[in-house]
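Note: the block below is model00.cif and it holds mmCIF, C-alpha atoms.
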data_query
loop_
_atom_site.label_atom_id
_atom_site.label_comp_id
_atom_site.auth_asym_id
_atom_site.auth_seq_id
_atom_site.Cartn_x
_atom_site.Cartn_y
_atom_site.Cartn_z
CA MET A 420 8.38 0.86 16.58
CA SER A 421 5.01 1.59 15.05
CA SER A 422 1.71 0.38 16.40
CA SER A 423 -1.60 -0.04 14.67
CA VAL A 424 -5.27 -0.12 15.60
CA GLU A 425 -7.91 -2.30 13.97
CA VAL A 426 -10.70 -0.37 12.27
CA GLN A 427 -13.87 -1.27 10.45
CA LEU A 428 -15.35 0.13 7.29
CA VAL A 429 -18.58 1.70 8.47
CA ARG A 430 -19.83 3.49 5.38
CA VAL A 431 -19.27 4.07 1.68
CA VAL A 432 -20.75 7.29 0.31
CA ILE A 433 -21.31 7.44 -3.43
CA SER A 434 -22.48 10.79 -4.74
CA ASP A 435 -23.65 11.49 -8.28
CA ARG A 436 -22.86 15.17 -7.84
CA ARG A 437 -19.25 14.95 -6.68
CA HIS A 438 -16.21 13.58 -8.45
CA GLN A 439 -14.76 12.02 -5.30
CA GLN A 440 -16.48 9.48 -3.13
CA THR A 441 -15.90 8.76 0.56
CA ILE A 442 -15.22 5.77 2.76
CA HIS A 443 -15.52 6.07 6.53
CA LEU A 444 -13.36 4.04 8.92
CA ARG A 445 -13.93 3.74 12.66
CA GLU A 446 -11.77 2.24 15.37
CA ARG A 447 -13.12 -1.23 16.17
CA ASP A 448 -12.79 -0.87 19.95
CA GLY A 449 -12.87 2.89 20.29
CA GLU A 450 -14.34 6.18 19.16
CA ARG A 451 -11.81 7.51 16.66
CA GLN A 452 -12.94 7.69 13.06
CA PHE A 453 -12.07 9.42 9.81
CA SER A 454 -12.94 9.57 6.13
CA ILE A 455 -10.88 9.03 2.99
CA LEU A 456 -11.81 10.48 -0.38
CA ILE A 457 -11.62 7.89 -3.15
CA GLY A 458 -12.50 7.57 -6.82
CA ILE A 459 -15.84 6.41 -8.14
CA ASN A 460 -14.52 3.10 -9.52
CA GLU A 461 -13.04 2.04 -6.18
CA ALA A 462 -16.15 3.19 -4.28
CA GLU A 463 -18.41 1.20 -6.57
CA GLU A 464 -16.16 -1.88 -6.28
CA ILE A 465 -16.20 -1.69 -2.46
CA HIS A 466 -19.97 -1.16 -2.51
CA ARG A 467 -20.47 -4.17 -4.82
CA LYS A 468 -18.34 -6.38 -2.55
CA LEU A 469 -20.23 -5.29 0.55
CA ARG A 470 -23.52 -6.18 -1.18
CA GLY A 471 -22.16 -9.56 -2.26
CA TYR A 472 -22.44 -8.81 -5.98
CA LYS A 473 -20.61 -11.36 -8.16
CA PRO A 474 -19.76 -10.09 -11.66
CA MET A 475 -19.98 -12.48 -14.61
CA ARG A 476 -16.30 -11.81 -15.40
CA PRO A 477 -13.51 -10.94 -12.95
CA MET A 478 -13.04 -7.26 -12.18
CA THR A 479 -9.54 -5.93 -11.44
CA HIS A 480 -9.67 -6.61 -7.70
CA ASP A 481 -11.03 -10.12 -8.36
CA LEU A 482 -8.11 -10.73 -10.70
CA VAL A 483 -5.57 -9.60 -8.08
CA VAL A 484 -7.00 -12.04 -5.53
CA GLN A 485 -7.03 -14.87 -8.10
CA LEU A 486 -3.39 -14.20 -9.02
CA LEU A 487 -2.39 -14.27 -5.36
CA GLU A 488 -4.25 -17.53 -4.82
CA VAL A 489 -2.55 -19.14 -7.83
CA CYS A 490 0.79 -18.23 -6.21
CA GLY A 491 -0.34 -19.67 -2.87
CA GLY A 492 -0.74 -16.25 -1.31
CA VAL A 493 -3.42 -14.70 0.87
CA ILE A 494 -4.05 -11.16 1.99
CA GLU A 495 -3.39 -11.20 5.73
CA ARG A 496 -4.36 -7.61 6.46
CA ILE A 497 -4.18 -4.12 5.10
CA VAL A 498 -2.74 -1.15 6.92
CA VAL A 499 -3.44 2.55 6.38
CA SER A 500 0.17 3.36 7.07
CA ASP A 501 0.70 7.09 6.65
CA LEU A 502 -0.83 10.50 6.03
CA ARG A 503 1.43 12.99 4.26
CA ASN A 504 0.35 16.32 2.80
CA GLY A 505 -3.30 15.28 2.94
CA THR A 506 -2.68 11.97 1.14
CA PHE A 507 -3.28 8.61 2.80
CA PHE A 508 -0.94 5.68 2.12
CA ALA A 509 -1.60 1.98 2.66
CA SER A 510 0.10 -1.39 2.58
CA ILE A 511 -1.22 -4.83 1.78
CA VAL A 512 0.36 -7.58 3.88
CA VAL A 513 0.51 -10.75 1.80
CA LYS A 514 1.36 -14.16 3.22
CA LEU A 515 3.05 -16.44 0.70
CA PRO A 516 3.99 -20.07 1.31
CA ASP A 517 7.59 -19.22 2.22
CA ARG A 518 7.49 -15.57 3.30
CA GLN A 519 5.48 -12.45 4.01
CA GLU A 520 5.54 -9.45 1.67
CA VAL A 521 4.30 -5.90 2.17
CA VAL A 522 2.97 -4.18 -0.95
CA ASP A 523 2.44 -0.42 -1.28
CA ALA A 524 -1.12 0.47 -2.35
CA ARG A 525 -3.68 3.21 -2.44
CA PRO A 526 -6.01 2.87 0.56
CA SER A 527 -9.03 2.54 -1.73
CA ASP A 528 -7.55 -0.46 -3.56
CA ALA A 529 -6.29 -2.03 -0.35
CA ILE A 530 -9.69 -1.66 1.33
CA ALA A 531 -11.47 -3.04 -1.74
CA LEU A 532 -9.26 -6.14 -1.50
CA ALA A 533 -9.77 -6.41 2.27
CA VAL A 534 -13.55 -6.31 1.82
CA GLN A 535 -13.36 -8.94 -0.90
CA VAL A 536 -11.40 -11.47 1.17
CA ASP A 537 -12.65 -10.39 4.62
CA ALA A 538 -9.17 -9.32 5.74
CA PRO A 539 -8.78 -7.05 8.75
CA ILE A 540 -8.05 -3.35 8.25
CA PHE A 541 -5.59 -1.55 10.51
CA VAL A 542 -4.51 2.07 10.85
CA GLU A 543 -1.09 3.09 12.14
CA THR A 544 -1.32 5.16 15.34
CA LYS A 545 0.71 7.92 13.67
CA VAL A 546 -2.16 8.40 11.17
CA PHE A 547 -4.61 9.07 14.01
CA GLU A 548 -2.05 11.43 15.58
CA ALA A 549 -1.65 13.32 12.29
CA LEU A 550 -5.44 13.61 11.99
CA ASP A 551 -5.63 14.91 15.56
CA ARG A 552 -3.08 17.60 14.61
CA GLY A 553 -5.21 18.56 11.60
CA GLU A 554 -2.75 17.45 8.98
#
Could you write out this structure as structure tokens?
Amino acid sequence: MSSSVEVQLVRVVISDRRHQQTIHLRERDGERQFSILIGINEAEEIHRKLRGYKPMRPMTHDLVVQLLEVCGGVIERIVVSDLRNGTFFASIVVKLPDRQEVVDARPSDAIALAVQVDAPIFVETKVFEALDRGE
């Protein structure tokens, strides 16, 4: 059985000189932390959401949330679920009126959605263990 730890997004680093941007996650009630490299579009979307920026027209992540709401769904939480060969994996846990669904996602997209709807972010313990082993 897997276990997870709640984390918080503590920083988004957007660099004009590098192709990949960085988000930093830290254990909510602990000291463990790590970074994930993400694309510029996702970094800018997360940064906009953190600043409270409201676009005139829906962006992709806005559209996803609107579609879920139309179906009666809400994002319950996101989980950084795995780390394989240097690549992070995530899941979005969606609560629908009659069931719960888990959707595979890139961590950057999942975190952008979590920031938008103020959903908690979790990391599977095995991800921290893999990081500790230097994987």
Distance in Å - atom CA of A:Lys468 versus atom CA of A:Ser423
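Going from atom CA of A:Lys468 over to atom CA of A:Ser423, I get 24.8 Å.
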Might you spell out which residues the PyMOL selection byres ((chain A and resi 550) around 10) would select in the displayed file, as a PyMOL selection string?
chain A and resi 451-453+502+505+544-549+551-554
Given the file above and the PyMOL selection byres ((chain A and resi 506) around 12), which residues are selected, and can you give them as a list of chain:residue names?
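Checked against the file, the PyMOL selection byres ((chain A and resi 506) around 12) matches A:Ser454, A:Ile455, A:Leu456, A:Ile457, A:Val499, A:Ser500, A:Asp501, A:Leu502, A:Arg503, A:Asn504, A:Gly505, A:Phe507, A:Phe508, A:Ala509, A:Arg525, A:Pro526, A:Ser527, A:Val546, A:Ala549, A:Leu550, A:Glu554.
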What would the file look like if the residues just selected were written as a tab-separated table (two decimals), keeping the file's coordinate frame with C-alpha atoms?
chain	number	residue	atom	x	y	z
A	454	SER	CA	-12.94	9.57	6.13
A	455	ILE	CA	-10.88	9.03	2.99
A	456	LEU	CA	-11.81	10.48	-0.38
A	457	ILE	CA	-11.62	7.89	-3.15
A	499	VAL	CA	-3.44	2.55	6.38
A	500	SER	CA	0.17	3.36	7.07
A	501	ASP	CA	0.70	7.09	6.65
A	502	LEU	CA	-0.83	10.50	6.03
A	503	ARG	CA	1.43	12.99	4.26
A	504	ASN	CA	0.35	16.32	2.80
A	505	GLY	CA	-3.30	15.28	2.94
A	507	PHE	CA	-3.28	8.61	2.80
A	508	PHE	CA	-0.94	5.68	2.12
A	509	ALA	CA	-1.60	1.98	2.66
A	525	ARG	CA	-3.68	3.21	-2.44
A	526	PRO	CA	-6.01	2.87	0.56
A	527	SER	CA	-9.03	2.54	-1.73
A	546	VAL	CA	-2.16	8.40	11.17
A	549	ALA	CA	-1.65	13.32	12.29
A	550	LEU	CA	-5.44	13.61	11.99
A	554	GLU	CA	-2.75	17.45	8.98
If you measure from atom CA of A:Gly449 to atom CA of A:Glu461, what distance in Å do you get, rounded to one decimal?
26.5 Å
Of the listed residues A:Ala462, A:Ile494, A:Leu482, A:Val513, that which approaches A:Asp528 most closely, counting only C-alpha atoms:
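Of A:Ala462, A:Ile494, A:Leu482, A:Val513, the one nearest A:Asp528 is A:Ala462, counting only C-alpha atoms.
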Quick check, in Å to one decimal: how far apart do atom CA of A:Glu450 and atom CA of A:Ile511 lie?
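The value is 24.4 Å.
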Output check: residues returned by the PyMOL selection byres ((chain A and resi 438) around 10), as a list of chain:residue names
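Taken over the shown coordinates, the PyMOL selection byres ((chain A and resi 438) around 10) returns A:Ile433, A:Ser434, A:Asp435, A:Arg436, A:Arg437, A:Gln439, A:Gln440, A:Leu456, A:Ile457, A:Gly458, A:Ile459.
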Give one line per residue of stretch 421-524 of chain A that approaches stretch 537-540 of chain A to at most 9 Å, naming the two atoms of the closest pair and their distance in Å to one decimal, counting only C-alpha atoms; sort by chain then ascending residue number and deliver it as CSV.
residue,atom,partner,partner_atom,distance
A:Val424,CA,A:Ile540,CA,8.5
A:Glu425,CA,A:Ile540,CA,5.8
A:Val426,CA,A:Ile540,CA,5.7
A:Gln427,CA,A:Ile540,CA,6.6
A:Leu428,CA,A:Ile540,CA,8.1
A:Ile494,CA,A:Ala538,CA,6.6
A:Glu495,CA,A:Ala538,CA,6.1
A:Arg496,CA,A:Pro539,CA,5.0
A:Ile497,CA,A:Ile540,CA,5.0
A:Val498,CA,A:Ile540,CA,5.9
A:Val499,CA,A:Ile540,CA,7.7
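The residue set within 12 Å of A:Gly492, counting only C-alpha atoms and dropping same-chain residues fewer than 3 places from it, reads Val483, Val484, Gln485, Leu486, Leu487, Glu488, Val489, Glu495, Ile511, Val512, Val513, Lys514, Leu515, Pro516, Asp517, Arg518, Gln519, Glu520 and Val536 of chain A.
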